[in-house]
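Just run-v1.txt here, compact mmCIF, C-alpha atoms and all ligand atoms:
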```
# COMPACT_ATOMS: atom_id res chain seq x y z
CA MET A 1 0.00 0.00 0.00
CA ILE A 2 1.29 3.47 -0.91
CA ILE A 3 -0.25 6.87 -0.10
CA ASP A 4 1.28 10.02 -1.62
CA VAL A 5 0.29 12.95 0.61
CA HIS A 6 1.65 15.67 -1.66
CA THR A 7 0.80 16.05 -5.36
CA HIS A 8 -0.28 18.99 -7.49
CA ILE A 9 -2.33 19.36 -10.62
CA ASN A 10 -1.18 22.88 -11.32
CA ASN A 11 0.09 23.38 -14.82
CA TYR A 12 3.72 24.44 -14.37
CA HIS A 13 4.31 24.81 -18.12
CA GLU A 14 2.48 28.05 -18.41
CA ASP A 15 3.00 28.37 -22.16
CA ARG A 16 0.03 26.09 -22.70
CA VAL A 17 -3.21 25.50 -20.84
CA ALA A 18 -3.93 21.88 -19.86
CA SER A 19 -7.46 20.93 -18.80
CA LEU A 20 -8.12 19.86 -15.24
CA GLU A 21 -9.44 16.53 -16.51
CA ASP A 22 -6.20 15.90 -18.48
CA CYS A 23 -4.10 16.74 -15.42
CA LEU A 24 -6.14 14.33 -13.23
CA ASN A 25 -5.92 11.59 -15.86
CA LEU A 26 -2.15 11.98 -16.04
CA LEU A 27 -1.92 11.82 -12.23
CA THR A 28 -4.06 8.67 -12.10
CA GLU A 29 -2.07 6.97 -14.88
CA THR A 30 1.21 7.81 -13.15
CA MET A 31 -0.17 6.41 -9.87
CA ILE A 32 -1.16 3.14 -11.55
CA GLU A 33 2.25 2.80 -13.23
CA ASN A 34 3.91 3.19 -9.82
CA LYS A 35 1.38 1.18 -7.78
CA VAL A 36 0.37 4.20 -5.73
CA ASP A 37 -3.02 3.53 -4.14
CA TYR A 38 -4.09 6.99 -3.04
CA SER A 39 -2.91 10.58 -3.52
CA LEU A 40 -3.75 13.89 -1.95
CA VAL A 41 -3.99 16.77 -4.42
CA LEU A 42 -2.96 20.11 -2.90
CA SER A 43 -4.57 23.17 -4.44
CA SER A 44 -2.65 26.43 -4.71
CA TYR A 45 -2.85 29.67 -2.73
CA LYS A 46 -3.66 31.42 -5.98
CA VAL A 47 -6.26 30.68 -8.61
CA ASN A 48 -5.80 31.31 -12.33
CA GLU A 49 -6.10 29.42 -15.62
CA HIS A 50 -3.11 27.25 -14.63
CA ARG A 51 -4.10 26.74 -10.99
CA PRO A 52 -7.59 25.42 -10.27
CA SER A 53 -9.54 26.52 -7.20
CA THR A 54 -10.37 24.14 -4.35
CA LYS A 55 -13.97 24.09 -5.60
CA GLN A 56 -12.88 23.07 -9.10
CA VAL A 57 -10.68 20.28 -7.72
CA VAL A 58 -13.36 19.03 -5.30
CA GLU A 59 -15.85 18.82 -8.17
CA ALA A 60 -13.38 17.30 -10.63
CA ILE A 61 -12.34 14.41 -8.35
CA LYS A 62 -15.91 13.29 -7.61
CA GLY A 63 -16.08 9.56 -8.36
CA ARG A 64 -12.31 9.13 -8.21
CA ASN A 65 -12.02 7.45 -4.82
CA ASN A 66 -8.22 7.15 -4.94
CA LEU A 67 -7.84 10.95 -4.73
CA GLY A 68 -8.42 13.45 -1.92
CA VAL A 69 -8.11 17.24 -1.74
CA VAL A 70 -6.13 19.49 0.57
CA SER A 71 -7.26 23.07 0.18
CA GLY A 72 -4.64 25.75 -0.49
CA ILE A 73 -5.32 28.89 1.55
CA SER A 74 -3.88 32.33 0.87
CA TYR A 75 -2.92 34.21 4.05
CA LEU A 76 -4.84 37.31 2.89
CA ASN A 77 -6.82 36.77 -0.26
CA TYR A 78 -10.09 35.25 0.92
CA ASN A 79 -13.48 36.54 1.92
CA HIS A 80 -16.32 35.34 4.12
CA ARG A 81 -17.72 33.21 1.27
CA ASP A 82 -14.44 31.30 0.97
CA ILE A 83 -14.41 30.62 4.70
CA ARG A 84 -17.98 29.35 4.55
CA GLU A 85 -17.27 27.18 1.50
CA ILE A 86 -14.22 25.54 3.06
CA GLY A 87 -16.17 25.04 6.31
CA GLU A 88 -18.90 23.24 4.40
CA TYR A 89 -16.41 21.03 2.54
CA LEU A 90 -14.83 20.10 5.87
CA GLU A 91 -18.22 19.37 7.39
CA ARG A 92 -19.07 17.08 4.45
CA GLY A 93 -15.64 15.41 4.50
CA LEU A 94 -14.81 16.64 0.98
CA ILE A 95 -11.42 18.05 1.90
CA LYS A 96 -8.77 16.31 3.95
CA GLY A 97 -6.73 19.27 5.18
CA LEU A 98 -5.58 22.85 4.64
CA LYS A 99 -2.32 23.94 3.04
CA PHE A 100 -0.51 27.21 3.64
CA TYR A 101 2.37 28.64 1.63
CA PRO A 102 4.67 30.79 3.85
CA GLY A 103 7.73 31.82 1.84
CA TYR A 104 5.68 32.06 -1.32
CA GLU A 105 3.53 34.50 0.65
CA PRO A 106 5.10 36.75 3.32
CA PHE A 107 3.71 35.54 6.66
CA TYR A 108 4.85 33.41 9.59
CA PRO A 109 2.79 30.31 10.44
CA ASN A 110 1.77 31.64 13.87
CA ASP A 111 0.10 34.71 12.35
CA THR A 112 -3.00 35.75 14.32
CA ARG A 113 -4.78 36.54 11.05
CA LEU A 114 -4.93 32.78 10.40
CA LYS A 115 -6.60 31.89 13.71
CA VAL A 116 -9.99 31.29 12.08
CA TRP A 117 -8.50 28.59 9.81
CA TYR A 118 -6.61 26.86 12.61
CA GLU A 119 -9.73 26.74 14.77
CA MET A 120 -11.61 25.26 11.84
CA ALA A 121 -8.94 22.59 11.34
CA ILE A 122 -9.10 21.67 15.04
CA GLU A 123 -12.90 21.51 15.03
CA TYR A 124 -13.02 19.16 12.02
CA ASP A 125 -9.83 17.36 13.08
CA VAL A 126 -7.91 17.76 9.82
CA PRO A 127 -4.20 18.59 9.56
CA VAL A 128 -2.75 21.87 8.35
CA MET A 129 0.20 21.55 5.95
CA PHE A 130 2.90 24.18 5.52
CA HIS A 131 5.25 24.72 2.66
CA SER A 132 8.67 24.69 4.33
CA GLY A 133 12.29 25.32 3.31
CA ASP A 134 13.48 26.41 -0.10
CA THR A 135 11.03 28.09 -2.45
CA TYR A 136 10.89 26.81 -6.00
CA ALA A 137 10.74 30.45 -7.15
CA PRO A 138 13.53 32.98 -6.45
CA THR A 139 10.80 35.53 -5.64
CA GLY A 140 9.96 33.57 -2.46
CA LYS A 141 11.21 34.87 0.92
CA VAL A 142 12.68 31.93 2.79
CA LYS A 143 12.83 33.46 6.27
CA TYR A 144 9.05 32.85 6.38
CA SER A 145 9.36 29.21 5.33
CA HIS A 146 12.02 28.20 7.88
CA PRO A 147 10.68 25.14 9.77
CA LEU A 148 11.68 26.55 13.17
CA HIS A 149 8.69 28.93 13.00
CA ILE A 150 6.36 25.93 13.11
CA ASP A 151 7.34 25.41 16.75
CA ASP A 152 5.49 28.59 17.83
CA LEU A 153 2.31 27.38 16.18
CA ALA A 154 2.66 23.84 17.56
CA VAL A 155 3.07 25.13 21.12
CA ASP A 156 0.22 27.64 20.95
CA TYR A 157 -2.16 25.14 19.30
CA PRO A 158 -1.45 21.75 20.91
CA ASP A 159 -4.62 20.28 19.38
CA LEU A 160 -3.71 21.36 15.86
CA LYS A 161 -2.10 18.65 13.72
CA ILE A 162 0.65 20.19 11.61
CA VAL A 163 2.67 18.87 8.65
CA ILE A 164 6.03 20.42 7.73
CA CYS A 165 6.30 19.82 3.99
CA HIS A 166 9.62 18.88 2.35
CA VAL A 167 11.11 18.14 5.84
CA GLY A 168 12.01 21.85 5.79
CA ASN A 169 14.79 21.15 3.27
CA PRO A 170 17.55 22.33 3.55
CA TRP A 171 16.84 22.97 7.25
CA ILE A 172 16.20 19.31 8.01
CA ARG A 173 17.94 19.53 11.42
CA ASP A 174 15.58 22.28 12.53
CA CYS A 175 12.65 20.25 11.22
CA MET A 176 13.76 17.16 13.17
CA GLU A 177 13.88 19.12 16.41
CA VAL A 178 10.40 20.59 15.89
CA VAL A 179 9.01 17.14 15.06
CA TYR A 180 10.83 15.50 17.98
CA LYS A 181 9.69 18.11 20.49
CA ASN A 182 6.05 18.44 19.45
CA GLN A 183 3.67 15.46 19.44
CA ASN A 184 1.36 17.30 17.05
CA VAL A 185 3.91 17.89 14.28
CA TYR A 186 4.54 15.63 11.28
CA ALA A 187 6.75 16.03 8.22
CA ASP A 188 6.51 14.93 4.61
CA ILE A 189 9.51 14.04 2.46
CA SER A 190 8.13 15.53 -0.77
CA GLY A 191 9.85 17.86 -3.20
CA LEU A 192 13.45 17.07 -2.30
CA VAL A 193 14.42 16.99 -5.96
CA LEU A 194 13.31 18.40 -9.32
CA GLY A 195 12.61 15.43 -11.57
CA ASP A 196 14.82 12.43 -10.72
CA PHE A 197 17.31 11.90 -7.89
CA SER A 198 20.90 11.72 -9.11
CA GLU A 199 22.89 8.94 -7.42
CA LYS A 200 24.96 11.47 -5.49
CA PHE A 201 21.95 13.44 -4.26
CA GLU A 202 20.12 10.24 -3.36
CA ARG A 203 23.07 9.18 -1.15
CA PHE A 204 23.11 12.62 0.47
CA MET A 205 19.37 12.66 1.20
CA LYS A 206 19.35 9.04 2.40
CA LYS A 207 21.83 10.05 5.08
CA GLU A 208 19.80 13.14 6.02
CA ILE A 209 16.53 11.22 6.39
CA GLU A 210 18.19 8.37 8.30
CA GLU A 211 19.78 10.92 10.65
CA MET A 212 16.39 12.49 11.23
CA ILE A 213 14.95 9.12 12.26
CA THR A 214 17.96 8.38 14.48
CA TYR A 215 17.42 11.67 16.28
CA ALA A 216 13.64 11.98 16.37
CA GLY A 217 12.86 8.27 16.93
CA ASP A 218 10.52 5.79 15.27
CA PRO A 219 9.10 7.50 12.18
CA ASN A 220 5.49 7.77 13.33
CA TYR A 221 5.63 11.40 12.23
CA LEU A 222 7.05 10.91 8.72
CA LEU A 223 4.84 10.88 5.62
CA TYR A 224 5.55 9.74 2.09
CA GLY A 225 4.90 12.41 -0.53
CA THR A 226 6.50 13.35 -3.83
CA ASP A 227 5.38 16.83 -4.95
CA TRP A 228 4.55 15.24 -8.32
CA PRO A 229 4.72 16.49 -11.11
CA ILE A 230 7.73 18.50 -9.82
CA SER A 231 9.40 15.30 -8.55
CA ASN A 232 9.26 11.96 -10.32
CA MET A 233 7.21 9.19 -8.63
CA LYS A 234 9.36 6.29 -9.79
CA SER A 235 12.58 7.95 -8.63
CA TYR A 236 10.95 8.70 -5.27
CA LEU A 237 9.93 5.09 -4.70
CA LYS A 238 13.46 3.99 -5.53
CA PHE A 239 14.70 6.49 -2.93
CA MET A 240 12.32 5.04 -0.31
CA ASP A 241 13.57 1.58 -1.18
CA GLN A 242 17.18 2.59 -0.42
CA LEU A 243 16.42 3.74 3.14
CA GLU A 244 17.82 1.33 5.70
CA LEU A 245 14.66 0.78 7.73
CA SER A 246 12.61 -2.23 8.74
CA ASP A 247 9.58 -3.03 6.55
CA ASP A 248 7.34 -2.03 9.43
CA LYS A 249 8.88 1.45 9.61
CA LYS A 250 8.74 1.83 5.84
CA ASP A 251 5.04 0.93 5.91
CA ARG A 252 4.47 3.59 8.55
CA ILE A 253 6.03 6.18 6.24
CA LEU A 254 4.54 4.86 2.99
CA TRP A 255 0.92 4.76 4.13
CA LYS A 256 0.03 3.96 7.77
CA ASN A 257 0.84 7.38 9.24
CA ALA A 258 -1.01 9.12 6.40
CA ALA A 259 -4.07 6.87 6.65
CA GLU A 260 -4.39 7.71 10.36
CA LEU A 261 -3.63 11.42 10.07
CA PHE A 262 -5.86 12.16 7.07
CA LYS A 263 -8.49 9.49 7.97
CA ILE A 264 -8.20 7.66 4.66
CA ASP A 265 -10.25 4.47 4.64
CA VAL A 266 -7.77 2.05 3.07
CA THR A 267 -10.30 -0.81 3.09
CA LYS A 268 -12.10 1.02 0.27
CA LEU A 269 -9.03 1.27 -1.97
ZN ZN A 301 4.18 21.03 -3.25
```

Entire entry expressed as structure tokens:
Amino acid sequence: MIIDVHTHINNYHEDRVASLEDCLNLLTETMIENKVDYSLVLSSYKVNEHRPSTKQVVEAIKGRNNLGVVSGISYLNYNHRDIREIGEYLERGLIKGLKFYPGYEPFYPNDTRLKVWYEMAIEYDVPVMFHSGDTYAPTGKVKYSHPLHIDDLAVDYPDLKIVICHVGNPWIRDCMEVVYKNQNVYADISGLVLGDFSEKFERFMKKEIEEMITYAGDPNYLLYGTDWPISNMKSYLKFMDQLELSDDKKDRILWKNAAELFKIDVTKL
């Protein structure tokens, strides 16, 4: 069983417009090729012809029971209708979590303006995911996406379940401390590479992830994710395979932790 907690259907080749249906078909085909049973699709903090809204994604995945939606939230650009819509989706179980993009947008995770969203996530018991570490775009401001800032949020909201995306890369040490210290913080290993891992980079990252587990303990906090289509699914599974961990620990990372955290009913897959 494999659950990928971090995929996108944004069109990153902005010279052409791909339909949402085409993007979802490509995702599903790539999942089948790689024996991935379930994926979470993360919507963006901005909406345009290349980046579908949460509503568009929720409607487009109806009937595809191997996909779930995590709703991208902008720190500023929403109104009372958006809050109500997301609240309703949460109430009906149509979205599995909320995703924030510090770094891409200039705010720290423990920003009081986001209180309404965090309270909503606690009430419906869904995790909040944070972009963390390097920004894909040079226009990002990485002081906001440093994983250490997650600690403030984790302490102030002990009932909030938080995911540090990309293990805060390159600040993996800071991420491991925040995860180790706070019971309510998880991390996903997505987006460590653009495309395929080179052999050298795979060796480097293998050491980093193994160190994290040595320090922070049994990987009950670690989630498998790729950031597809930015990272290649096949190369990511090969990377997972190289980690020197027992099968039980690998299963925790590959699907068990995600199934519990996002309440994914694996008996229906
Ligand atoms: Zn991503």

For each of A:Thr214, A:Thr54, A:Asn110, A:Thr135, take the minimum atom-to-atom distance to ligand ZN 301 (chain A), counting only C-alpha atoms and all ligand atoms, then give the residue where this is smallest. A:Thr135

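In this model, the gap between CA of Glu49 in chain A and CA of Val17 in chain A comes to 7.1 Å.
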
Give me, please, the distance in Å between CA of Arg252 in chain A and CA of Lys161 in chain A, quoted to one decimal. 17.2 Å

From the list A:Tyr108, A:Phe262, A:Tyr136, A:Tyr236, which residue is nearest ligand ZN 301 (chain A) when using all atoms listed in the file?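 Counting all atoms listed in the file, the residue closest to ligand ZN 301 (chain A) is A:Tyr136.
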
Residues within 7 Å of ligand ZN 301 (chain A), counting only C-alpha atoms and all ligand atoms, as a PyMOL selection string: chain A and resi 6-8+191+227

Please report as a tab-separated table every residue of range 4-33 of chain A lying within 10 Å of range 56-80 of chain A, along with the nearest atom pair and their distance in Å (one decimal), using all atoms listed in the file.
```
residue	atom	partner	partner_atom	distance
A:Asp4	CA	A:Leu67	CA	9.7
A:Val5	CA	A:Gly68	CA	9.1
A:His6	CA	A:Val70	CA	8.9
A:Thr7	CA	A:Val69	CA	9.7
A:His8	CA	A:Val69	CA	9.9
A:Ile9	CA	A:Val57	CA	8.9
A:Leu20	CA	A:Ala60	CA	7.4
A:Glu21	CA	A:Ala60	CA	7.1
A:Leu24	CA	A:Ile61	CA	7.9
A:Leu27	CA	A:Leu67	CA	9.6
A:Thr28	CA	A:Asn66	CA	8.4
A:Met31	CA	A:Asn66	CA	9.5
```

Quick one: write out the picked residues with C-alpha atoms as an mmCIF file, keeping the file's coordinate frame?
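Dumped to part.cif:
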```cif
data_model
loop_
_atom_site.group_PDB
_atom_site.id
_atom_site.type_symbol
_atom_site.label_atom_id
_atom_site.label_comp_id
_atom_site.auth_asym_id
_atom_site.auth_seq_id
_atom_site.Cartn_x
_atom_site.Cartn_y
_atom_site.Cartn_z
ATOM 1 C CA ASP A 4 1.280 10.020 -1.620
ATOM 2 C CA VAL A 5 0.290 12.950 0.610
ATOM 3 C CA HIS A 6 1.650 15.670 -1.660
ATOM 4 C CA THR A 7 0.800 16.050 -5.360
ATOM 5 C CA HIS A 8 -0.280 18.990 -7.490
ATOM 6 C CA ILE A 9 -2.330 19.360 -10.620
ATOM 7 C CA LEU A 20 -8.120 19.860 -15.240
ATOM 8 C CA GLU A 21 -9.440 16.530 -16.510
ATOM 9 C CA LEU A 24 -6.140 14.330 -13.230
ATOM 10 C CA LEU A 27 -1.920 11.820 -12.230
ATOM 11 C CA THR A 28 -4.060 8.670 -12.100
ATOM 12 C CA MET A 31 -0.170 6.410 -9.870
#
```
